[in-house]
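Engineer: Here you go, this is upload_4.txt (compact mmCIF, N, CA and C atoms).
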# COMPACT_ATOMS: atom_id res chain seq x y z
N MET A 19 -3.90 24.66 9.35
CA MET A 19 -4.73 23.71 8.65
C MET A 19 -5.48 22.87 9.68
N ASN A 20 -6.76 22.62 9.42
CA ASN A 20 -7.58 21.86 10.34
C ASN A 20 -8.19 20.66 9.61
N ILE A 21 -7.81 19.47 10.02
CA ILE A 21 -8.38 18.23 9.48
C ILE A 21 -9.18 17.59 10.60
N ASP A 22 -10.47 17.36 10.37
CA ASP A 22 -11.32 16.78 11.40
C ASP A 22 -10.83 15.42 11.85
N SER A 23 -11.12 15.09 13.11
CA SER A 23 -10.77 13.77 13.61
C SER A 23 -11.74 12.74 13.03
N ILE A 24 -11.33 11.49 13.10
CA ILE A 24 -12.14 10.40 12.55
C ILE A 24 -12.87 9.70 13.68
N LYS A 25 -14.16 9.43 13.47
CA LYS A 25 -14.94 8.70 14.46
C LYS A 25 -14.83 7.19 14.20
N GLU A 26 -14.93 6.80 12.95
CA GLU A 26 -14.80 5.40 12.53
C GLU A 26 -13.98 5.39 11.24
N GLY A 27 -12.86 4.70 11.24
CA GLY A 27 -12.08 4.66 10.02
C GLY A 27 -10.64 4.24 10.23
N LEU A 28 -9.80 4.64 9.28
CA LEU A 28 -8.40 4.24 9.27
C LEU A 28 -7.50 5.45 9.07
N VAL A 29 -6.33 5.39 9.66
CA VAL A 29 -5.29 6.37 9.41
C VAL A 29 -4.07 5.59 8.95
N ILE A 30 -3.63 5.88 7.74
CA ILE A 30 -2.40 5.27 7.23
C ILE A 30 -1.30 6.28 7.53
N ASP A 31 -0.41 5.91 8.43
CA ASP A 31 0.59 6.85 8.95
C ASP A 31 2.00 6.37 8.60
N HIS A 32 2.95 7.24 8.81
CA HIS A 32 4.37 6.97 8.56
C HIS A 32 4.65 6.62 7.11
N ILE A 33 3.92 7.27 6.20
CA ILE A 33 4.15 7.09 4.77
C ILE A 33 5.35 7.96 4.39
N THR A 34 6.30 7.40 3.68
CA THR A 34 7.44 8.18 3.21
C THR A 34 6.91 9.38 2.42
N ALA A 35 7.44 10.56 2.70
CA ALA A 35 6.97 11.78 2.04
C ALA A 35 6.97 11.60 0.52
N GLY A 36 5.84 11.92 -0.08
CA GLY A 36 5.68 11.80 -1.53
C GLY A 36 4.99 10.54 -2.00
N ASN A 37 4.76 9.57 -1.12
CA ASN A 37 4.14 8.29 -1.52
C ASN A 37 2.62 8.25 -1.34
N ALA A 38 2.02 9.25 -0.73
CA ALA A 38 0.58 9.19 -0.45
C ALA A 38 -0.25 9.08 -1.72
N MET A 39 0.07 9.84 -2.74
CA MET A 39 -0.71 9.78 -3.98
C MET A 39 -0.52 8.45 -4.71
N ARG A 40 0.66 7.88 -4.61
CA ARG A 40 0.90 6.56 -5.22
C ARG A 40 0.02 5.52 -4.54
N ILE A 41 -0.08 5.57 -3.22
CA ILE A 41 -0.95 4.66 -2.48
C ILE A 41 -2.41 4.90 -2.86
N TYR A 42 -2.81 6.15 -2.90
CA TYR A 42 -4.18 6.53 -3.25
C TYR A 42 -4.57 5.94 -4.61
N ASN A 43 -3.69 6.07 -5.59
CA ASN A 43 -3.98 5.58 -6.94
C ASN A 43 -3.92 4.06 -7.04
N LEU A 44 -2.88 3.44 -6.47
CA LEU A 44 -2.71 1.99 -6.58
C LEU A 44 -3.83 1.23 -5.87
N LEU A 45 -4.28 1.73 -4.73
CA LEU A 45 -5.32 1.03 -3.98
C LEU A 45 -6.74 1.44 -4.38
N GLY A 46 -6.87 2.34 -5.36
CA GLY A 46 -8.18 2.71 -5.87
C GLY A 46 -9.03 3.51 -4.90
N PHE A 47 -8.41 4.32 -4.08
CA PHE A 47 -9.17 5.13 -3.11
C PHE A 47 -10.08 6.14 -3.81
N ASP A 48 -9.80 6.47 -5.06
CA ASP A 48 -10.65 7.42 -5.79
C ASP A 48 -12.06 6.86 -6.02
N LYS A 49 -12.23 5.56 -5.88
CA LYS A 49 -13.53 4.93 -6.09
C LYS A 49 -14.36 4.87 -4.80
N LEU A 50 -13.77 5.23 -3.67
CA LEU A 50 -14.49 5.19 -2.40
C LEU A 50 -15.48 6.34 -2.30
N GLU A 51 -16.57 6.11 -1.58
CA GLU A 51 -17.60 7.13 -1.39
C GLU A 51 -17.41 7.92 -0.10
N CYS A 52 -16.48 7.53 0.73
CA CYS A 52 -16.27 8.19 2.02
C CYS A 52 -15.27 9.35 1.88
N SER A 53 -15.14 10.13 2.94
CA SER A 53 -14.18 11.24 2.96
C SER A 53 -12.77 10.70 3.15
N ILE A 54 -11.83 11.28 2.39
CA ILE A 54 -10.43 10.90 2.49
C ILE A 54 -9.60 12.17 2.55
N ALA A 55 -8.69 12.22 3.52
CA ALA A 55 -7.78 13.36 3.62
C ALA A 55 -6.36 12.87 3.35
N ILE A 56 -5.68 13.55 2.44
CA ILE A 56 -4.28 13.25 2.16
C ILE A 56 -3.48 14.43 2.68
N ILE A 57 -2.61 14.17 3.61
CA ILE A 57 -1.81 15.22 4.22
C ILE A 57 -0.36 14.93 3.86
N LYS A 58 0.24 15.86 3.12
CA LYS A 58 1.59 15.63 2.60
C LYS A 58 2.60 16.50 3.34
N ASN A 59 3.82 15.96 3.45
CA ASN A 59 4.96 16.68 4.01
C ASN A 59 4.73 17.20 5.43
N VAL A 60 4.18 16.33 6.26
CA VAL A 60 3.97 16.65 7.67
C VAL A 60 5.30 16.51 8.40
N ASN A 61 5.61 17.44 9.29
CA ASN A 61 6.84 17.32 10.09
C ASN A 61 6.75 16.11 10.99
N SER A 62 7.85 15.36 11.06
CA SER A 62 7.90 14.16 11.88
C SER A 62 9.26 14.08 12.57
N LYS A 63 9.24 13.85 13.87
CA LYS A 63 10.51 13.70 14.61
C LYS A 63 11.26 12.46 14.14
N LYS A 64 10.53 11.39 13.86
CA LYS A 64 11.13 10.12 13.48
C LYS A 64 11.62 10.10 12.03
N MET A 65 10.85 10.73 11.11
CA MET A 65 11.13 10.61 9.68
C MET A 65 11.56 11.91 9.01
N GLY A 66 11.50 13.00 9.71
CA GLY A 66 11.77 14.30 9.08
C GLY A 66 10.50 14.84 8.48
N LYS A 67 10.08 14.26 7.36
CA LYS A 67 8.80 14.57 6.70
C LYS A 67 8.09 13.26 6.42
N LYS A 68 6.76 13.30 6.44
CA LYS A 68 5.97 12.11 6.14
C LYS A 68 4.64 12.53 5.54
N ASP A 69 3.93 11.57 4.96
CA ASP A 69 2.57 11.76 4.48
C ASP A 69 1.63 10.94 5.36
N ILE A 70 0.37 11.36 5.40
CA ILE A 70 -0.67 10.66 6.16
C ILE A 70 -1.93 10.61 5.29
N ILE A 71 -2.63 9.48 5.33
CA ILE A 71 -3.94 9.37 4.67
C ILE A 71 -4.96 9.00 5.73
N LYS A 72 -6.04 9.80 5.82
CA LYS A 72 -7.13 9.52 6.75
C LYS A 72 -8.36 9.12 5.94
N ILE A 73 -8.93 7.99 6.30
CA ILE A 73 -10.11 7.45 5.61
C ILE A 73 -11.25 7.36 6.61
N ASP A 74 -12.34 8.04 6.31
CA ASP A 74 -13.47 8.12 7.23
C ASP A 74 -14.43 6.95 7.05
N SER A 75 -13.86 5.74 7.03
CA SER A 75 -14.65 4.52 6.89
C SER A 75 -13.72 3.33 7.16
N ASN A 76 -14.28 2.27 7.72
CA ASN A 76 -13.51 1.05 7.92
C ASN A 76 -13.60 0.22 6.65
N ILE A 77 -12.52 0.19 5.91
CA ILE A 77 -12.47 -0.55 4.64
C ILE A 77 -11.37 -1.60 4.73
N ASP A 78 -11.44 -2.57 3.84
CA ASP A 78 -10.36 -3.54 3.73
C ASP A 78 -9.26 -2.93 2.89
N ILE A 79 -8.02 -3.05 3.36
CA ILE A 79 -6.87 -2.50 2.65
C ILE A 79 -5.93 -3.64 2.29
N ASN A 80 -5.39 -3.57 1.09
CA ASN A 80 -4.43 -4.56 0.62
C ASN A 80 -3.09 -4.30 1.31
N LEU A 81 -2.80 -5.08 2.34
CA LEU A 81 -1.57 -4.90 3.11
C LEU A 81 -0.33 -5.25 2.29
N GLU A 82 -0.47 -6.20 1.35
CA GLU A 82 0.65 -6.53 0.46
C GLU A 82 1.06 -5.31 -0.36
N ALA A 83 0.07 -4.63 -0.92
CA ALA A 83 0.36 -3.45 -1.74
C ALA A 83 1.02 -2.36 -0.91
N LEU A 84 0.50 -2.13 0.30
CA LEU A 84 1.11 -1.12 1.16
C LEU A 84 2.55 -1.47 1.52
N GLY A 85 2.78 -2.73 1.84
CA GLY A 85 4.14 -3.18 2.17
C GLY A 85 5.09 -3.06 1.00
N TYR A 86 4.58 -3.28 -0.20
CA TYR A 86 5.40 -3.15 -1.40
C TYR A 86 5.77 -1.68 -1.65
N ILE A 87 4.81 -0.80 -1.53
CA ILE A 87 5.05 0.62 -1.79
C ILE A 87 5.95 1.23 -0.73
N ASP A 88 5.64 0.95 0.54
CA ASP A 88 6.35 1.62 1.63
C ASP A 88 6.29 0.74 2.88
N PRO A 89 7.28 -0.13 3.09
CA PRO A 89 7.22 -1.11 4.17
C PRO A 89 7.22 -0.56 5.60
N GLY A 90 7.41 0.71 5.81
CA GLY A 90 7.42 1.26 7.17
C GLY A 90 6.09 1.82 7.63
N ILE A 91 5.06 1.66 6.83
CA ILE A 91 3.75 2.23 7.12
C ILE A 91 3.11 1.59 8.35
N THR A 92 2.33 2.39 9.08
CA THR A 92 1.47 1.86 10.14
C THR A 92 0.03 2.20 9.79
N ILE A 93 -0.88 1.32 10.19
CA ILE A 93 -2.31 1.54 9.97
C ILE A 93 -2.98 1.60 11.33
N ASP A 94 -3.62 2.72 11.61
CA ASP A 94 -4.34 2.90 12.87
C ASP A 94 -5.83 2.69 12.61
N VAL A 95 -6.45 1.79 13.37
CA VAL A 95 -7.88 1.53 13.25
C VAL A 95 -8.57 2.36 14.33
N ILE A 96 -9.53 3.19 13.91
CA ILE A 96 -10.23 4.10 14.81
C ILE A 96 -11.68 3.67 14.94
N ARG A 97 -12.15 3.54 16.18
CA ARG A 97 -13.56 3.27 16.46
C ARG A 97 -13.99 4.17 17.62
N ASP A 98 -15.15 4.77 17.49
CA ASP A 98 -15.66 5.71 18.50
C ASP A 98 -14.61 6.77 18.84
N SER A 99 -13.93 7.26 17.83
CA SER A 99 -12.90 8.32 17.94
C SER A 99 -11.68 7.90 18.76
N LYS A 100 -11.50 6.58 18.96
CA LYS A 100 -10.36 6.10 19.74
C LYS A 100 -9.55 5.09 18.92
N LEU A 101 -8.24 5.11 19.13
CA LEU A 101 -7.35 4.14 18.50
C LEU A 101 -7.57 2.78 19.16
N VAL A 102 -7.99 1.79 18.37
CA VAL A 102 -8.25 0.46 18.92
C VAL A 102 -7.24 -0.58 18.45
N GLU A 103 -6.54 -0.27 17.36
CA GLU A 103 -5.55 -1.22 16.85
C GLU A 103 -4.52 -0.48 16.01
N LYS A 104 -3.28 -0.92 16.11
CA LYS A 104 -2.20 -0.36 15.30
C LYS A 104 -1.52 -1.53 14.61
N ARG A 105 -1.52 -1.50 13.27
CA ARG A 105 -0.90 -2.56 12.48
C ARG A 105 0.37 -2.02 11.83
N HIS A 106 1.40 -2.83 11.84
CA HIS A 106 2.66 -2.47 11.18
C HIS A 106 2.77 -3.29 9.90
N VAL A 107 3.18 -2.64 8.83
CA VAL A 107 3.27 -3.29 7.52
C VAL A 107 4.73 -3.49 7.17
N ASP A 108 5.05 -4.67 6.65
CA ASP A 108 6.42 -4.99 6.26
C ASP A 108 6.43 -5.41 4.80
N LEU A 109 7.61 -5.52 4.25
CA LEU A 109 7.80 -5.95 2.87
C LEU A 109 7.27 -7.38 2.72
N PRO A 110 6.27 -7.61 1.85
CA PRO A 110 5.70 -8.97 1.73
C PRO A 110 6.59 -9.89 0.92
N GLU A 111 6.52 -11.17 1.21
CA GLU A 111 7.28 -12.19 0.48
C GLU A 111 6.70 -12.40 -0.92
N THR A 112 5.38 -12.26 -1.05
CA THR A 112 4.72 -12.42 -2.35
C THR A 112 3.72 -11.29 -2.57
N LEU A 113 3.45 -11.02 -3.83
CA LEU A 113 2.45 -10.02 -4.22
C LEU A 113 1.44 -10.69 -5.14
N HIS A 114 0.16 -10.56 -4.82
CA HIS A 114 -0.91 -11.15 -5.62
C HIS A 114 -1.81 -10.03 -6.13
N GLY A 115 -1.86 -9.86 -7.44
CA GLY A 115 -2.77 -8.88 -8.03
C GLY A 115 -2.41 -7.43 -7.78
N VAL A 116 -1.19 -7.15 -7.39
CA VAL A 116 -0.76 -5.78 -7.14
C VAL A 116 -0.10 -5.19 -8.37
N LEU A 117 0.76 -5.97 -9.01
CA LEU A 117 1.51 -5.54 -10.19
C LEU A 117 1.10 -6.37 -11.39
N ARG A 118 1.41 -5.88 -12.58
CA ARG A 118 1.22 -6.66 -13.80
C ARG A 118 2.59 -6.93 -14.42
N CYS A 119 2.77 -8.13 -14.94
CA CYS A 119 4.03 -8.49 -15.57
C CYS A 119 4.18 -7.72 -16.88
N LYS A 120 5.34 -7.13 -17.06
CA LYS A 120 5.60 -6.31 -18.25
C LYS A 120 6.11 -7.14 -19.44
N ASN A 121 6.45 -8.41 -19.17
CA ASN A 121 6.99 -9.27 -20.22
C ASN A 121 5.88 -9.69 -21.19
N PRO A 122 5.93 -9.27 -22.46
CA PRO A 122 4.87 -9.63 -23.41
C PRO A 122 4.81 -11.13 -23.70
N ARG A 123 5.88 -11.86 -23.41
CA ARG A 123 5.91 -13.31 -23.63
C ARG A 123 5.45 -14.12 -22.41
N CYS A 124 5.18 -13.44 -21.32
CA CYS A 124 4.74 -14.12 -20.09
C CYS A 124 3.38 -14.76 -20.32
N ILE A 125 3.16 -15.90 -19.70
CA ILE A 125 1.89 -16.63 -19.83
C ILE A 125 0.71 -15.77 -19.36
N THR A 126 0.96 -14.84 -18.43
CA THR A 126 -0.12 -13.98 -17.93
C THR A 126 -0.59 -12.98 -18.99
N SER A 127 0.22 -12.74 -20.01
CA SER A 127 -0.19 -11.85 -21.11
C SER A 127 -1.18 -12.55 -22.04
N VAL A 128 -1.06 -13.88 -22.12
CA VAL A 128 -1.93 -14.67 -22.98
C VAL A 128 -3.14 -15.19 -22.21
N GLU A 129 -2.88 -15.73 -21.05
CA GLU A 129 -3.94 -16.31 -20.19
C GLU A 129 -4.39 -15.27 -19.18
N GLN A 130 -5.37 -14.47 -19.55
CA GLN A 130 -5.81 -13.34 -18.73
C GLN A 130 -6.37 -13.76 -17.36
N GLU A 131 -6.87 -15.00 -17.26
CA GLU A 131 -7.46 -15.43 -15.99
C GLU A 131 -6.41 -15.82 -14.94
N LEU A 132 -5.16 -15.97 -15.34
CA LEU A 132 -4.09 -16.26 -14.37
C LEU A 132 -3.85 -15.04 -13.50
N SER A 133 -3.68 -15.28 -12.22
CA SER A 133 -3.42 -14.15 -11.32
C SER A 133 -1.99 -13.68 -11.50
N GLN A 134 -1.80 -12.40 -11.33
CA GLN A 134 -0.47 -11.80 -11.41
C GLN A 134 0.20 -12.03 -10.05
N GLU A 135 1.27 -12.79 -10.03
CA GLU A 135 1.95 -13.10 -8.79
C GLU A 135 3.45 -12.83 -8.93
N PHE A 136 3.99 -12.21 -7.90
CA PHE A 136 5.41 -11.88 -7.86
C PHE A 136 5.99 -12.34 -6.53
N MET A 137 7.25 -12.77 -6.57
CA MET A 137 7.94 -13.24 -5.37
C MET A 137 9.14 -12.33 -5.09
N LEU A 138 9.34 -12.04 -3.81
CA LEU A 138 10.49 -11.24 -3.39
C LEU A 138 11.75 -12.08 -3.55
N THR A 139 12.70 -11.61 -4.38
CA THR A 139 13.92 -12.36 -4.62
C THR A 139 15.15 -11.70 -4.02
N ASP A 140 15.05 -10.41 -3.68
CA ASP A 140 16.17 -9.69 -3.09
C ASP A 140 15.61 -8.64 -2.14
N ARG A 141 15.57 -9.00 -0.84
CA ARG A 141 14.97 -8.12 0.17
C ARG A 141 15.72 -6.80 0.29
N GLU A 142 17.03 -6.85 0.26
CA GLU A 142 17.84 -5.64 0.44
C GLU A 142 17.54 -4.59 -0.63
N ASN A 143 17.40 -5.03 -1.88
CA ASN A 143 17.14 -4.11 -2.99
C ASN A 143 15.67 -4.05 -3.39
N ARG A 144 14.82 -4.76 -2.65
CA ARG A 144 13.37 -4.78 -2.89
C ARG A 144 13.04 -5.20 -4.31
N VAL A 145 13.59 -6.33 -4.74
CA VAL A 145 13.38 -6.83 -6.10
C VAL A 145 12.33 -7.95 -6.06
N TYR A 146 11.31 -7.79 -6.90
CA TYR A 146 10.28 -8.81 -7.07
C TYR A 146 10.36 -9.34 -8.50
N ARG A 147 10.09 -10.65 -8.66
CA ARG A 147 10.09 -11.28 -9.97
C ARG A 147 8.79 -12.06 -10.17
N CYS A 148 8.33 -12.06 -11.40
CA CYS A 148 7.13 -12.81 -11.78
C CYS A 148 7.38 -14.29 -11.51
N ILE A 149 6.40 -14.97 -10.91
CA ILE A 149 6.61 -16.39 -10.60
C ILE A 149 6.54 -17.27 -11.85
N TYR A 150 5.98 -16.74 -12.96
CA TYR A 150 5.84 -17.52 -14.18
C TYR A 150 7.06 -17.38 -15.10
N CYS A 151 7.53 -16.15 -15.31
CA CYS A 151 8.60 -15.94 -16.29
C CYS A 151 9.86 -15.35 -15.67
N GLU A 152 9.82 -15.04 -14.40
CA GLU A 152 10.95 -14.48 -13.64
C GLU A 152 11.36 -13.08 -14.11
N ALA A 153 10.49 -12.39 -14.83
CA ALA A 153 10.79 -11.00 -15.22
C ALA A 153 10.76 -10.13 -13.97
N LYS A 154 11.66 -9.19 -13.92
CA LYS A 154 11.77 -8.27 -12.79
C LYS A 154 10.62 -7.25 -12.83
N ALA A 155 10.00 -7.03 -11.67
CA ALA A 155 8.94 -6.02 -11.57
C ALA A 155 9.57 -4.63 -11.50
N ASN A 156 8.87 -3.66 -12.04
CA ASN A 156 9.39 -2.28 -12.00
C ASN A 156 8.99 -1.60 -10.73
I need this file expressed as structure tokens, please.
Structural biologist:
Amino acid sequence: MNIDSIKEGLVIDHITAGNAMRIYNLLGFDKLECSIAIIKNVNSKKMGKKDIIKIDSNIDINLEALGYIDPGITIDVIRDSKLVEKRHVDLPETLHGVLRCKNPRCITSVEQELSQEFMLTDRENRVYRCIYCEAKAN
């Protein structure tokens, strides 16, 4: 398999195998006009298997969403075909606009203009709760 190198763009690396499509859908990559390569089940010495997403454009990425989905991800920034920056993503303390509260009685169900916000309440089990009604995020 041959995937072209990127001249200007991003490489989302060290994605847990099977999570690439979840990232693609949650971050709305289907709406981008640039080339995107999703490489699944790549052999990795560190992880066994991993997924990689290559984006042929420098775009803003929601780091909170990436940290929520898969906190071990790295983001490589490519300029002039060279790696210029490597960012490490961790589990965020709060999530803004990433998830929607499932509680029908939550104020966010009635007041649509309120932002959807969740707070990390249990780091070990990766549990987030709505800041308004304390409902657990799925």
Engineer: Kindly give the distance, in Å, that separates atom N of Ser23 in chain A and atom C of Tyr42 in chain A, rounded to a single decimal.
Structural biologist: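 We find that atom N of Ser23 in chain A and atom C of Tyr42 in chain A lie 21.0 Å from each other.
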Engineer: Please, what distance in Å, to one decimal, runs between atom C of Glu131 in chain A and atom N of Gly115 in chain A?
Structural biologist: 10.6 Å
Engineer: Go through A:Ile87, A:Leu44, A:Ala38, A:Asp31 and flag the residue nearest Ile56 in chain A, using only N, CA and C atoms for the distances.
Structural biologist: A:Ala38
Engineer: Excluding Ile149 in chain A and residues on its chain fewer than 5 positions from it, collect all residues at most 6.5 Å away from it, counting only N, CA and C atoms, and give them as an MDAnalysis selection string.
Structural biologist: chainID A and resid 135:137
Engineer: Could you tell me how far CA of Tyr86 in chain A sits from CA of Leu109 in chain A, in Å to one decimal place?
Structural biologist: 5.6 Å
Engineer: Apply DSSP to the structure's backbone, then extract all residues of range 20-152 of chain A labelled strand (DSSP E or B) and return them as a PyMOL selection string.
Structural biologist: chain A and resi 27-34+54-62+66-73+92-97+100-106+112-114+135-140+145-148
Engineer: Output N, CA and C atoms for every residue in the selection just made, as a compact mmCIF listing (two decimals), in the frame of the given file.
Structural biologist:
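Written out: selection_25.txt:
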# COMPACT_ATOMS: atom_id res chain seq x y z
N GLY A 27 -12.86 4.70 11.24
CA GLY A 27 -12.08 4.66 10.02
C GLY A 27 -10.64 4.24 10.23
N LEU A 28 -9.80 4.64 9.28
CA LEU A 28 -8.40 4.24 9.27
C LEU A 28 -7.50 5.45 9.07
N VAL A 29 -6.33 5.39 9.66
CA VAL A 29 -5.29 6.37 9.41
C VAL A 29 -4.07 5.59 8.95
N ILE A 30 -3.63 5.88 7.74
CA ILE A 30 -2.40 5.27 7.23
C ILE A 30 -1.30 6.28 7.53
N ASP A 31 -0.41 5.91 8.43
CA ASP A 31 0.59 6.85 8.95
C ASP A 31 2.00 6.37 8.60
N HIS A 32 2.95 7.24 8.81
CA HIS A 32 4.37 6.97 8.56
C HIS A 32 4.65 6.62 7.11
N ILE A 33 3.92 7.27 6.20
CA ILE A 33 4.15 7.09 4.77
C ILE A 33 5.35 7.96 4.39
N THR A 34 6.30 7.40 3.68
CA THR A 34 7.44 8.18 3.21
C THR A 34 6.91 9.38 2.42
N ILE A 54 -11.83 11.28 2.39
CA ILE A 54 -10.43 10.90 2.49
C ILE A 54 -9.60 12.17 2.55
N ALA A 55 -8.69 12.22 3.52
CA ALA A 55 -7.78 13.36 3.62
C ALA A 55 -6.36 12.87 3.35
N ILE A 56 -5.68 13.55 2.44
CA ILE A 56 -4.28 13.25 2.16
C ILE A 56 -3.48 14.43 2.68
N ILE A 57 -2.61 14.17 3.61
CA ILE A 57 -1.81 15.22 4.22
C ILE A 57 -0.36 14.93 3.86
N LYS A 58 0.24 15.86 3.12
CA LYS A 58 1.59 15.63 2.60
C LYS A 58 2.60 16.50 3.34
N ASN A 59 3.82 15.96 3.45
CA ASN A 59 4.96 16.68 4.01
C ASN A 59 4.73 17.20 5.43
N VAL A 60 4.18 16.33 6.26
CA VAL A 60 3.97 16.65 7.67
C VAL A 60 5.30 16.51 8.40
N ASN A 61 5.61 17.44 9.29
CA ASN A 61 6.84 17.32 10.09
C ASN A 61 6.75 16.11 10.99
N SER A 62 7.85 15.36 11.06
CA SER A 62 7.90 14.16 11.88
C SER A 62 9.26 14.08 12.57
N GLY A 66 11.50 13.00 9.71
CA GLY A 66 11.77 14.30 9.08
C GLY A 66 10.50 14.84 8.48
N LYS A 67 10.08 14.26 7.36
CA LYS A 67 8.80 14.57 6.70
C LYS A 67 8.09 13.26 6.42
N LYS A 68 6.76 13.30 6.44
CA LYS A 68 5.97 12.11 6.14
C LYS A 68 4.64 12.53 5.54
N ASP A 69 3.93 11.57 4.96
CA ASP A 69 2.57 11.76 4.48
C ASP A 69 1.63 10.94 5.36
N ILE A 70 0.37 11.36 5.40
CA ILE A 70 -0.67 10.66 6.16
C ILE A 70 -1.93 10.61 5.29
N ILE A 71 -2.63 9.48 5.33
CA ILE A 71 -3.94 9.37 4.67
C ILE A 71 -4.96 9.00 5.73
N LYS A 72 -6.04 9.80 5.82
CA LYS A 72 -7.13 9.52 6.75
C LYS A 72 -8.36 9.12 5.94
N ILE A 73 -8.93 7.99 6.30
CA ILE A 73 -10.11 7.45 5.61
C ILE A 73 -11.25 7.36 6.61
N THR A 92 2.33 2.39 9.08
CA THR A 92 1.47 1.86 10.14
C THR A 92 0.03 2.20 9.79
N ILE A 93 -0.88 1.32 10.19
CA ILE A 93 -2.31 1.54 9.97
C ILE A 93 -2.98 1.60 11.33
N ASP A 94 -3.62 2.72 11.61
CA ASP A 94 -4.34 2.90 12.87
C ASP A 94 -5.83 2.69 12.61
N VAL A 95 -6.45 1.79 13.37
CA VAL A 95 -7.88 1.53 13.25
C VAL A 95 -8.57 2.36 14.33
N ILE A 96 -9.53 3.19 13.91
CA ILE A 96 -10.23 4.10 14.81
C ILE A 96 -11.68 3.67 14.94
N ARG A 97 -12.15 3.54 16.18
CA ARG A 97 -13.56 3.27 16.46
C ARG A 97 -13.99 4.17 17.62
N LYS A 100 -11.50 6.58 18.96
CA LYS A 100 -10.36 6.10 19.74
C LYS A 100 -9.55 5.09 18.92
N LEU A 101 -8.24 5.11 19.13
CA LEU A 101 -7.35 4.14 18.50
C LEU A 101 -7.57 2.78 19.16
N VAL A 102 -7.99 1.79 18.37
CA VAL A 102 -8.25 0.46 18.92
C VAL A 102 -7.24 -0.58 18.45
N GLU A 103 -6.54 -0.27 17.36
CA GLU A 103 -5.55 -1.22 16.85
C GLU A 103 -4.52 -0.48 16.01
N LYS A 104 -3.28 -0.92 16.11
CA LYS A 104 -2.20 -0.36 15.30
C LYS A 104 -1.52 -1.53 14.61
N ARG A 105 -1.52 -1.50 13.27
CA ARG A 105 -0.90 -2.56 12.48
C ARG A 105 0.37 -2.02 11.83
N HIS A 106 1.40 -2.83 11.84
CA HIS A 106 2.66 -2.47 11.18
C HIS A 106 2.77 -3.29 9.90
N THR A 112 5.38 -12.26 -1.05
CA THR A 112 4.72 -12.42 -2.35
C THR A 112 3.72 -11.29 -2.57
N LEU A 113 3.45 -11.02 -3.83
CA LEU A 113 2.45 -10.02 -4.22
C LEU A 113 1.44 -10.69 -5.14
N HIS A 114 0.16 -10.56 -4.82
CA HIS A 114 -0.91 -11.15 -5.62
C HIS A 114 -1.81 -10.03 -6.13
N GLU A 135 1.27 -12.79 -10.03
CA GLU A 135 1.95 -13.10 -8.79
C GLU A 135 3.45 -12.83 -8.93
N PHE A 136 3.99 -12.21 -7.90
CA PHE A 136 5.41 -11.88 -7.86
C PHE A 136 5.99 -12.34 -6.53
N MET A 137 7.25 -12.77 -6.57
CA MET A 137 7.94 -13.24 -5.37
C MET A 137 9.14 -12.33 -5.09
N LEU A 138 9.34 -12.04 -3.81
CA LEU A 138 10.49 -11.24 -3.39
C LEU A 138 11.75 -12.08 -3.55
N THR A 139 12.70 -11.61 -4.38
CA THR A 139 13.92 -12.36 -4.62
C THR A 139 15.15 -11.70 -4.02
N ASP A 140 15.05 -10.41 -3.68
CA ASP A 140 16.17 -9.69 -3.09
C ASP A 140 15.61 -8.64 -2.14
N VAL A 145 13.59 -6.33 -4.74
CA VAL A 145 13.38 -6.83 -6.10
C VAL A 145 12.33 -7.95 -6.06
N TYR A 146 11.31 -7.79 -6.90
CA TYR A 146 10.28 -8.81 -7.07
C TYR A 146 10.36 -9.34 -8.50
N ARG A 147 10.09 -10.65 -8.66
CA ARG A 147 10.09 -11.28 -9.97
C ARG A 147 8.79 -12.06 -10.17
N CYS A 148 8.33 -12.06 -11.40
CA CYS A 148 7.13 -12.81 -11.78
C CYS A 148 7.38 -14.29 -11.51
Engineer: Taking into account only N, CA and C atoms, which residue in the set A:Ala153, A:Leu45, A:Cys52, A:Ile57 is nearest to Ile79 in chain A?
Structural biologist: A:Leu45
Engineer: Residues proximal to (-1.7, -5.4, -13.8) were defined as those with any atom within 12 Å of that point in the file's coordinates, counting only C-alpha atoms. Which are they, as a PyMOL selection string?
Structural biologist: chain A and resi 44+113-121+126-127+130-136+148+155-156
Engineer: Kindly list the centre and edge lengths in Å, rounded to one decimal, for the axis-aligned box that covers all listed atoms of range 55-58 of chain A plus 4 Å on each of its six sides, as AutoDock Vina command-line options.
Structural biologist:
--center_x -3.0 --center_y 14.4 --center_z 3.2 --size_x 19.3 --size_y 12.3 --size_z 10.1
Engineer: I want to know what sits within 6 Å of Asp108 in chain A, based on only N, CA and C atoms, with residues of the same chain fewer than 5 positions away left out; could you give that as a PyMOL selection string?
Structural biologist: chain A and resi 85-86+89-90
Engineer: Could the residues in this selection be saved with N, CA and C atoms as a CSV table (one decimal), keeping the file's coordinate frame?
Structural biologist:
chain,number,residue,atom,x,y,z
A,85,GLY,N,2.8,-2.7,1.8
A,85,GLY,CA,4.1,-3.2,2.2
A,85,GLY,C,5.1,-3.1,1.0
A,86,TYR,N,4.6,-3.3,-0.2
A,86,TYR,CA,5.4,-3.2,-1.4
A,86,TYR,C,5.8,-1.7,-1.6
A,89,PRO,N,7.3,-0.1,3.1
A,89,PRO,CA,7.2,-1.1,4.2
A,89,PRO,C,7.2,-0.6,5.6
A,90,GLY,N,7.4,0.7,5.8
A,90,GLY,CA,7.4,1.3,7.2
A,90,GLY,C,6.1,1.8,7.6
Engineer: What's the 6 Å shell around Lys25 in chain A, counting only N, CA and C atoms, without same-chain residues fewer than 5 positions away, as number ranges by chain?
Structural biologist: A: 96-100
Engineer: For Ala83 in chain A, which residue out of A:Ile54, A:Ile70, A:His106, A:Ile41 is the nearest one, using only N, CA and C atoms?
Structural biologist: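 Answer, going by the shortest atom-to-atom distance: A:Ile41.
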Engineer: Based on DSSP run over this structure's backbone, return all residues of chain A in helix (DSSP H, G or I), as a PyMOL selection string.
Structural biologist: chain A and resi 38-44+47-49+81-87+125-128
